[in-house]
$ cat start08.pdb   # PDB, C-alpha atoms
ATOM      1  CA  MET A   1       8.393  23.626  29.826  1.00  0.00           C
ATOM      2  CA  GLU A   2       7.323  20.040  29.333  1.00  0.00           C
ATOM      3  CA  ILE A   3       7.015  18.741  25.815  1.00  0.00           C
ATOM      4  CA  ASN A   4       5.112  15.520  25.266  1.00  0.00           C
ATOM      5  CA  ILE A   5       7.414  13.586  22.953  1.00  0.00           C
ATOM      6  CA  ILE A   6       4.809  11.089  21.802  1.00  0.00           C
ATOM      7  CA  GLN A   7       2.265  13.725  20.816  1.00  0.00           C
ATOM      8  CA  THR A   8       4.890  15.803  19.016  1.00  0.00           C
ATOM      9  CA  ALA A   9       6.108  12.766  17.069  1.00  0.00           C
ATOM     10  CA  SER A  10       2.552  11.788  16.172  1.00  0.00           C
ATOM     11  CA  LEU A  11       1.855  15.315  14.906  1.00  0.00           C
ATOM     12  CA  ILE A  12       5.008  15.251  12.754  1.00  0.00           C
ATOM     13  CA  SER A  13       4.150  11.847  11.291  1.00  0.00           C
ATOM     14  CA  ALA A  14       0.574  12.995  10.639  1.00  0.00           C
ATOM     15  CA  GLY A  15       1.986  15.908   8.641  1.00  0.00           C
ATOM     16  CA  ILE A  16       4.189  13.552   6.625  1.00  0.00           C
ATOM     17  CA  LEU A  17       1.217  11.278   5.961  1.00  0.00           C
ATOM     18  CA  VAL A  18      -0.901  14.206   4.786  1.00  0.00           C
ATOM     19  CA  ILE A  19       1.802  15.166   2.268  1.00  0.00           C
ATOM     20  CA  ALA A  20       2.001  11.542   1.083  1.00  0.00           C
ATOM     21  CA  MET A  21      -1.765  11.361   0.692  1.00  0.00           C
ATOM     22  CA  ALA A  22      -1.784  14.577  -1.351  1.00  0.00           C
ATOM     23  CA  LEU A  23       0.833  13.109  -3.730  1.00  0.00           C
ATOM     24  CA  THR A  24      -1.206   9.915  -4.053  1.00  0.00           C
ATOM     25  CA  PHE A  25      -4.365  11.876  -4.830  1.00  0.00           C
ATOM     26  CA  VAL A  26      -2.504  13.612  -7.655  1.00  0.00           C
ATOM     27  CA  ARG A  27      -1.731  10.196  -9.142  1.00  0.00           C
ATOM     28  CA  LEU A  28      -5.356   9.162  -8.603  1.00  0.00           C
ATOM     29  CA  ALA A  29      -6.493  12.195 -10.575  1.00  0.00           C
ATOM     30  CA  ILE A  30      -4.049  12.039 -13.486  1.00  0.00           C
ATOM     31  CA  GLY A  31      -3.565   8.281 -13.766  1.00  0.00           C
ATOM     32  CA  PRO A  32      -3.563   7.325 -17.436  1.00  0.00           C
ATOM     33  CA  SER A  33      -5.285   3.983 -17.069  1.00  0.00           C
ATOM     34  CA  LEU A  34      -7.676   2.303 -14.662  1.00  0.00           C
ATOM     35  CA  PRO A  35      -5.154  -0.011 -12.924  1.00  0.00           C
ATOM     36  CA  ASP A  36      -3.077   3.061 -12.036  1.00  0.00           C
ATOM     37  CA  ARG A  37      -6.044   4.356 -10.116  1.00  0.00           C
ATOM     38  CA  ILE A  38      -6.552   0.997  -8.394  1.00  0.00           C
ATOM     39  CA  VAL A  39      -2.900   1.084  -7.289  1.00  0.00           C
ATOM     40  CA  ALA A  40      -3.385   4.604  -5.951  1.00  0.00           C
ATOM     41  CA  LEU A  41      -6.488   3.517  -4.011  1.00  0.00           C
ATOM     42  CA  ASP A  42      -4.533   0.602  -2.540  1.00  0.00           C
ATOM     43  CA  LEU A  43      -1.817   2.981  -1.371  1.00  0.00           C
ATOM     44  CA  ILE A  44      -4.448   5.346   0.072  1.00  0.00           C
ATOM     45  CA  SER A  45      -5.761   2.463   2.186  1.00  0.00           C
ATOM     46  CA  GLY A  46      -2.266   1.849   3.567  1.00  0.00           C
ATOM     47  CA  LEU A  47      -1.850   5.548   4.325  1.00  0.00           C
ATOM     48  CA  SER A  48      -5.181   5.629   6.137  1.00  0.00           C
ATOM     49  CA  ILE A  49      -4.092   2.677   8.298  1.00  0.00           C
ATOM     50  CA  GLY A  50      -1.007   4.720   9.196  1.00  0.00           C
ATOM     51  CA  MET A  51      -3.219   7.703  10.008  1.00  0.00           C
ATOM     52  CA  VAL A  52      -5.385   5.596  12.316  1.00  0.00           C
ATOM     53  CA  ILE A  53      -2.278   4.385  14.182  1.00  0.00           C
ATOM     54  CA  THR A  54      -1.106   8.004  14.470  1.00  0.00           C
ATOM     55  CA  LEU A  55      -4.531   8.930  15.882  1.00  0.00           C
ATOM     56  CA  VAL A  56      -4.171   6.152  18.463  1.00  0.00           C
ATOM     57  CA  PHE A  57      -0.842   7.641  19.540  1.00  0.00           C
ATOM     58  CA  TYR A  58      -2.166  11.178  19.692  1.00  0.00           C
ATOM     59  CA  SER A  59      -5.349  10.488  21.623  1.00  0.00           C
ATOM     60  CA  GLY A  60      -4.201   7.557  23.753  1.00  0.00           C
ATOM     61  CA  GLU A  61      -7.403   5.637  23.056  1.00  0.00           C
ATOM     62  CA  VAL A  62      -6.601   2.077  22.079  1.00  0.00           C
ATOM     63  CA  VAL A  63     -10.145   1.418  20.838  1.00  0.00           C
ATOM     64  CA  PHE A  64      -9.424   3.136  17.505  1.00  0.00           C
ATOM     65  CA  LEU A  65      -7.114   0.313  16.499  1.00  0.00           C
ATOM     66  CA  ASP A  66     -10.146  -1.775  15.458  1.00  0.00           C
ATOM     67  CA  ILE A  67     -10.593   0.605  12.516  1.00  0.00           C
ATOM     68  CA  ALA A  68      -7.161  -0.356  11.209  1.00  0.00           C
ATOM     69  CA  VAL A  69      -8.004  -4.071  11.365  1.00  0.00           C
ATOM     70  CA  PHE A  70     -11.216  -3.535   9.424  1.00  0.00           C
ATOM     71  CA  ILE A  71      -9.551  -1.338   6.795  1.00  0.00           C
ATOM     72  CA  SER A  72      -6.826  -3.911   6.211  1.00  0.00           C
ATOM     73  CA  LEU A  73      -9.471  -6.590   5.681  1.00  0.00           C
ATOM     74  CA  ILE A  74     -12.025  -4.730   3.574  1.00  0.00           C
ATOM     75  CA  VAL A  75      -9.744  -2.990   1.082  1.00  0.00           C
ATOM     76  CA  PHE A  76      -8.213  -6.257  -0.113  1.00  0.00           C
ATOM     77  CA  ILE A  77     -11.645  -7.542  -1.117  1.00  0.00           C
ATOM     78  CA  GLY A  78     -12.347  -4.314  -2.997  1.00  0.00           C
ATOM     79  CA  THR A  79      -9.048  -4.422  -4.894  1.00  0.00           C
ATOM     80  CA  VAL A  80      -9.432  -8.028  -5.983  1.00  0.00           C
ATOM     81  CA  ALA A  81     -13.073  -7.542  -6.969  1.00  0.00           C
ATOM     82  CA  ILE A  82     -12.354  -4.482  -9.125  1.00  0.00           C
ATOM     83  CA  SER A  83      -9.419  -6.108 -10.892  1.00  0.00           C
ATOM     84  CA  LYS A  84     -11.358  -9.333 -11.544  1.00  0.00           C
ATOM     85  CA  TYR A  85     -14.203  -7.252 -12.990  1.00  0.00           C
ATOM     86  CA  LEU A  86     -11.831  -5.354 -15.259  1.00  0.00           C
ATOM     87  CA  LYS A  87     -10.228  -8.590 -16.411  1.00  0.00           C
ATOM     88  CA  ARG A  88     -13.559 -10.135 -17.328  1.00  0.00           C
ATOM     89  CA  ARG A  89     -14.695  -6.970 -19.108  1.00  0.00           C
ATOM     90  CA  PHE A  90     -11.586  -6.849 -21.266  1.00  0.00           C
ATOM     91  CA  TYR A  91     -11.469 -10.581 -21.781  1.00  0.00           C
ATOM     92  CA  ASP A  92     -14.934 -10.862 -23.280  1.00  0.00           C
ATOM     93  CA  LYS A  93     -14.277  -8.201 -25.859  1.00  0.00           C
TER
ATOM     94  CA  MET B   1      11.955   8.698  28.734  1.00  0.00           C
ATOM     95  CA  ILE B   2      14.365   6.936  26.398  1.00  0.00           C
ATOM     96  CA  SER B   3      11.626   4.551  25.303  1.00  0.00           C
ATOM     97  CA  ASP B   4       9.553   7.611  24.365  1.00  0.00           C
ATOM     98  CA  TRP B   5      12.320   8.766  22.032  1.00  0.00           C
ATOM     99  CA  ILE B   6      12.564   5.306  20.457  1.00  0.00           C
ATOM    100  CA  VAL B   7       8.794   5.125  19.935  1.00  0.00           C
ATOM    101  CA  GLY B   8       8.662   8.579  18.346  1.00  0.00           C
ATOM    102  CA  LEU B   9      11.590   7.757  16.072  1.00  0.00           C
ATOM    103  CA  LEU B  10       9.948   4.517  14.912  1.00  0.00           C
ATOM    104  CA  LEU B  11       6.687   6.378  14.223  1.00  0.00           C
ATOM    105  CA  ILE B  12       8.382   9.065  12.138  1.00  0.00           C
ATOM    106  CA  ILE B  13      10.480   6.524  10.207  1.00  0.00           C
ATOM    107  CA  GLY B  14       7.320   4.556   9.370  1.00  0.00           C
ATOM    108  CA  ALA B  15       5.644   7.729   8.098  1.00  0.00           C
ATOM    109  CA  LEU B  16       8.739   8.506   6.000  1.00  0.00           C
ATOM    110  CA  PHE B  17       8.537   5.076   4.352  1.00  0.00           C
ATOM    111  CA  MET B  18       4.955   5.848   3.356  1.00  0.00           C
ATOM    112  CA  LEU B  19       6.058   9.220   1.974  1.00  0.00           C
ATOM    113  CA  ILE B  20       8.679   7.405  -0.144  1.00  0.00           C
ATOM    114  CA  ALA B  21       5.954   5.091  -1.440  1.00  0.00           C
ATOM    115  CA  ALA B  22       3.728   8.020  -2.418  1.00  0.00           C
ATOM    116  CA  LEU B  23       6.663   9.729  -4.127  1.00  0.00           C
ATOM    117  CA  GLY B  24       7.370   6.559  -6.114  1.00  0.00           C
ATOM    118  CA  VAL B  25       3.734   6.243  -7.143  1.00  0.00           C
ATOM    119  CA  LEU B  26       3.767   9.821  -8.365  1.00  0.00           C
ATOM    120  CA  ARG B  27       7.110   9.781 -10.158  1.00  0.00           C
ATOM    121  CA  PHE B  28       7.682   6.364 -11.739  1.00  0.00           C
ATOM    122  CA  ASP B  29       7.155   5.744 -15.447  1.00  0.00           C
ATOM    123  CA  ASP B  30       5.099   2.641 -15.642  1.00  0.00           C
ATOM    124  CA  ILE B  31       2.252   0.911 -13.835  1.00  0.00           C
ATOM    125  CA  TYR B  32       4.436  -2.063 -12.953  1.00  0.00           C
ATOM    126  CA  LEU B  33       7.141   0.153 -11.464  1.00  0.00           C
ATOM    127  CA  ARG B  34       4.474   2.118  -9.624  1.00  0.00           C
ATOM    128  CA  MET B  35       3.133  -1.098  -8.181  1.00  0.00           C
ATOM    129  CA  HIS B  36       6.634  -1.986  -7.023  1.00  0.00           C
ATOM    130  CA  ALA B  37       6.725   1.285  -5.127  1.00  0.00           C
ATOM    131  CA  ALA B  38       3.175   1.095  -3.820  1.00  0.00           C
ATOM    132  CA  THR B  39       3.164  -2.364  -2.272  1.00  0.00           C
ATOM    133  CA  LYS B  40       6.417  -2.953  -0.413  1.00  0.00           C
ATOM    134  CA  ALA B  41       7.167   0.316   1.313  1.00  0.00           C
ATOM    135  CA  PRO B  42       3.761   0.907   2.994  1.00  0.00           C
ATOM    136  CA  SER B  43       3.804  -2.643   4.393  1.00  0.00           C
ATOM    137  CA  PHE B  44       7.149  -1.949   6.042  1.00  0.00           C
ATOM    138  CA  GLY B  45       5.946   1.422   7.291  1.00  0.00           C
ATOM    139  CA  VAL B  46       2.877  -0.164   8.887  1.00  0.00           C
ATOM    140  CA  LEU B  47       5.150  -2.801  10.458  1.00  0.00           C
ATOM    141  CA  LEU B  48       7.337  -0.109  12.039  1.00  0.00           C
ATOM    142  CA  MET B  49       4.291   1.804  13.285  1.00  0.00           C
ATOM    143  CA  VAL B  50       2.777  -1.315  14.856  1.00  0.00           C
ATOM    144  CA  VAL B  51       6.098  -2.111  16.556  1.00  0.00           C
ATOM    145  CA  ALA B  52       6.078   1.399  18.024  1.00  0.00           C
ATOM    146  CA  LEU B  53       2.468   0.891  19.158  1.00  0.00           C
ATOM    147  CA  ILE B  54       3.258  -2.379  20.935  1.00  0.00           C
ATOM    148  CA  LEU B  55       6.369  -0.863  22.565  1.00  0.00           C
ATOM    149  CA  HIS B  56       4.412   2.108  23.857  1.00  0.00           C
ATOM    150  CA  PHE B  57       1.105   0.670  25.029  1.00  0.00           C
ATOM    151  CA  GLY B  58       1.855  -2.985  25.718  1.00  0.00           C
ATOM    152  CA  GLY B  59      -0.914  -5.284  26.826  1.00  0.00           C
ATOM    153  CA  VAL B  60      -2.011  -8.657  25.503  1.00  0.00           C
ATOM    154  CA  TRP B  61      -5.070  -7.657  23.509  1.00  0.00           C
ATOM    155  CA  LEU B  62      -3.359  -4.768  21.758  1.00  0.00           C
ATOM    156  CA  THR B  63      -0.407  -6.986  20.867  1.00  0.00           C
ATOM    157  CA  ILE B  64      -2.768  -9.532  19.319  1.00  0.00           C
ATOM    158  CA  GLU B  65      -4.496  -6.798  17.332  1.00  0.00           C
ATOM    159  CA  GLY B  66      -1.203  -5.357  16.092  1.00  0.00           C
ATOM    160  CA  VAL B  67       0.042  -8.760  14.989  1.00  0.00           C
ATOM    161  CA  LEU B  68      -3.295  -9.295  13.216  1.00  0.00           C
ATOM    162  CA  ILE B  69      -2.934  -6.008  11.301  1.00  0.00           C
ATOM    163  CA  VAL B  70       0.594  -6.847  10.167  1.00  0.00           C
ATOM    164  CA  LEU B  71      -0.400 -10.395   9.250  1.00  0.00           C
ATOM    165  CA  PHE B  72      -3.396  -9.297   7.165  1.00  0.00           C
ATOM    166  CA  ILE B  73      -1.374  -6.684   5.324  1.00  0.00           C
ATOM    167  CA  PHE B  74       1.529  -9.009   4.637  1.00  0.00           C
ATOM    168  CA  ILE B  75      -0.805 -11.708   3.329  1.00  0.00           C
ATOM    169  CA  THR B  76      -3.214  -9.610   1.281  1.00  0.00           C
ATOM    170  CA  THR B  77      -0.903  -7.033  -0.332  1.00  0.00           C
ATOM    171  CA  PRO B  78       1.034  -9.491  -2.589  1.00  0.00           C
ATOM    172  CA  ILE B  79      -2.200 -11.163  -3.709  1.00  0.00           C
ATOM    173  CA  GLY B  80      -3.818  -7.848  -4.584  1.00  0.00           C
ATOM    174  CA  SER B  81      -0.785  -6.541  -6.435  1.00  0.00           C
ATOM    175  CA  HIS B  82      -0.428  -9.797  -8.360  1.00  0.00           C
ATOM    176  CA  THR B  83      -4.062  -9.580  -9.442  1.00  0.00           C
ATOM    177  CA  ILE B  84      -3.719  -5.947 -10.535  1.00  0.00           C
ATOM    178  CA  ALA B  85      -0.515  -6.659 -12.453  1.00  0.00           C
ATOM    179  CA  ARG B  86      -2.072  -9.597 -14.287  1.00  0.00           C
ATOM    180  CA  THR B  87      -5.135  -7.548 -15.179  1.00  0.00           C
ATOM    181  CA  ALA B  88      -2.991  -4.668 -16.430  1.00  0.00           C
ATOM    182  CA  HIS B  89      -0.896  -7.032 -18.528  1.00  0.00           C
ATOM    183  CA  GLN B  90      -3.957  -8.591 -20.085  1.00  0.00           C
ATOM    184  CA  MET B  91      -5.520  -5.206 -20.758  1.00  0.00           C
ATOM    185  CA  GLY B  92      -2.467  -4.520 -22.888  1.00  0.00           C
ATOM    186  CA  ILE B  93      -0.939  -1.654 -20.967  1.00  0.00           C
ATOM    187  CA  LYS B  94       2.524  -1.116 -22.330  1.00  0.00           C
ATOM    188  CA  GLN B  95       5.670  -1.265 -20.298  1.00  0.00           C
ATOM    189  CA  SER B  96       8.191   1.506 -19.998  1.00  0.00           C
ATOM    190  CA  LYS B  97      10.766   1.795 -22.739  1.00  0.00           C
ATOM    191  CA  LYS B  98      13.577   1.025 -20.342  1.00  0.00           C
ATOM    192  CA  THR B  99      12.102  -2.370 -19.500  1.00  0.00           C
ATOM    193  CA  CYS B 100      13.578  -4.858 -21.911  1.00  0.00           C
ATOM    194  CA  ILE B 101      12.054  -8.264 -21.171  1.00  0.00           C
ATOM    195  CA  ASP B 102       8.473  -9.545 -20.998  1.00  0.00           C
ATOM    196  CA  GLU B 103       8.093 -13.283 -20.684  1.00  0.00           C
ATOM    197  CA  LEU B 104       4.386 -13.582 -19.993  1.00  0.00           C
ATOM    198  CA  PRO B 105       2.384 -14.187 -23.187  1.00  0.00           C
ATOM    199  CA  ARG B 106      -0.798 -12.209 -23.479  1.00  0.00           C
ATOM    200  CA  GLU B 107      -3.964 -14.276 -23.518  1.00  0.00           C
ATOM    201  CA  GLY B 108      -5.501 -12.226 -26.325  1.00  0.00           C
ATOM    202  CA  ALA B 109      -2.496 -13.102 -28.454  1.00  0.00           C
ATOM    203  CA  ILE B 110      -3.033 -16.761 -27.651  1.00  0.00           C
ATOM    204  CA  LYS B 111      -6.635 -16.518 -28.734  1.00  0.00           C
ATOM    205  CA  GLN B 112      -5.832 -14.800 -32.031  1.00  0.00           C
ATOM    206  CA  SER B 113      -2.956 -16.920 -33.206  1.00  0.00           C
ATOM    207  CA  GLY B 114      -4.401 -20.122 -31.837  1.00  0.00           C
ATOM    208  CA  LYS B 115      -1.175 -21.351 -30.362  1.00  0.00           C
ATOM    209  CA  ARG B 116       1.257 -20.236 -27.765  1.00  0.00           C
ATOM    210  CA  LYS B 117       4.215 -18.163 -28.830  1.00  0.00           C
ATOM    211  CA  GLN B 118       7.389 -20.092 -29.275  1.00  0.00           C
ATOM    212  CA  GLN B 119       9.451 -19.837 -26.166  1.00  0.00           C
ATOM    213  CA  ARG B 120      13.040 -18.783 -26.342  1.00  0.00           C
ATOM    214  CA  THR B 121      15.590 -21.080 -24.828  1.00  0.00           C
TER
END

$ encode --input "start08.pdb" --output "structure tokens"
Amino acid sequence: MEINIIQTASLISAGILVIAMALTFVRLAIGPSLPDRIVALDLISGLSIGMVITLVFYSGEVVFLDIAVFISLIVFIGTVAISKYLKRRFYDK
Amino acid sequence: MISDWIVGLLLIIGALFMLIAALGVLRFDDIYLRMHAATKAPSFGVLLMVVALILHFGGVWLTIEGVLIVLFIFITTPIGSHTIARTAHQMGIKQSKKTCIDELPREGAIKQSGKRKQQRT
């Protein structure tokens, strides 16, 4: 019986990434302060990039890699914008 | 066949680095320690995954895209974490009790006292 090594490895790594994302969502829910939640969102973006790469391995379609490029660009802008907003809000007080 | 094993191993090791990062974010005491866990390990995991991708598929365009992903992440992650850490420090979020030194003066403290705290030599 033939076992496709690449697809098996991508399924295993997808399982690991799902567990990691569940742990990060727990921190996102119970985080005591707002910057904790921003850190958790940042980590979720990294995990989703890993999931996209795993999807590329599983399906064999290289086109999906564009999603990873866009995620890695967009999330940085979101993180910096939220933290600048928080800083201004607490600085004016 | 051997290259398939190497690619699968790199993929699983990259996913394990991300699992370590999520575990650190869940378990550490402090926001600064959590940030230490949440910024370095996922970058390295993405690097390993992209190396596996380039080894498996090859091709010029895909190599350029993989290098672009790694470059963006390695440039933008330190800037984002620096901004979050500075914001958290200025919001007055306390450090863990095991952390014993804090050399950055808070800007609110500067405003109230009117002068910078005296620096230790």

$ interface_residues --input "start08.pdb" --of "chain B" --to "chain A" --cutoff "6 Å" --atoms "only C-alpha atoms" --output "list in words"
Gly8, Ile12, Ala15, Leu19, Ala22, Leu26, Ala38, Ile69, Gly80, Ile84 and Thr87 of chain B

$ atom_distance --input "start08.pdb" --atom1 "atom CA of B:Phe17" --atom2 "atom CA of B:Ala41"
5.8 Å

$ resolve_selection --input "start08.pdb" --expression "the PyMOL selection byres ((chain B and resi 95-98) around 6)" --output "list in words"
Asp30, Lys94 and Thr99 of chain B

$ residues_around --input "start08.pdb" --residues "B:Val46" --least-positions-apart "4" --cutoff "7 Å" --atoms "all atoms listed in the file" --output "ChimeraX atom specification"
/A:50 /B:14,42,50

$ atom_distance --input "start08.pdb" --atom1 "atom CA of A:Phe64" --atom2 "atom CA of B:Ala37"
27.9 Å

$ atom_distance --input "start08.pdb" --atom1 "atom CA of B:Ile13" --atom2 "atom CA of B:Gly45"
7.4 Å

$ axis_aligned_box --input "start08.pdb" --around "stretch 62-74 of chain B" --padding-each-side "8 Å" --output "AutoDock Vina command-line options"
--center_x -1.5 --center_y -7.6 --center_z 13.2 --size_x 22.0 --size_y 21.6 --size_z 33.1

$ residues_around --input "start08.pdb" --residues "B:Val70" --least-positions-apart "3" --cutoff "9 Å" --atoms "only C-alpha atoms" --output "list in words"
Ser72 of chain A; Ser43, Val46, Leu47, Val50, Glu65, Gly66, Val67, Ile73, Phe74 and Ile75 of chain B
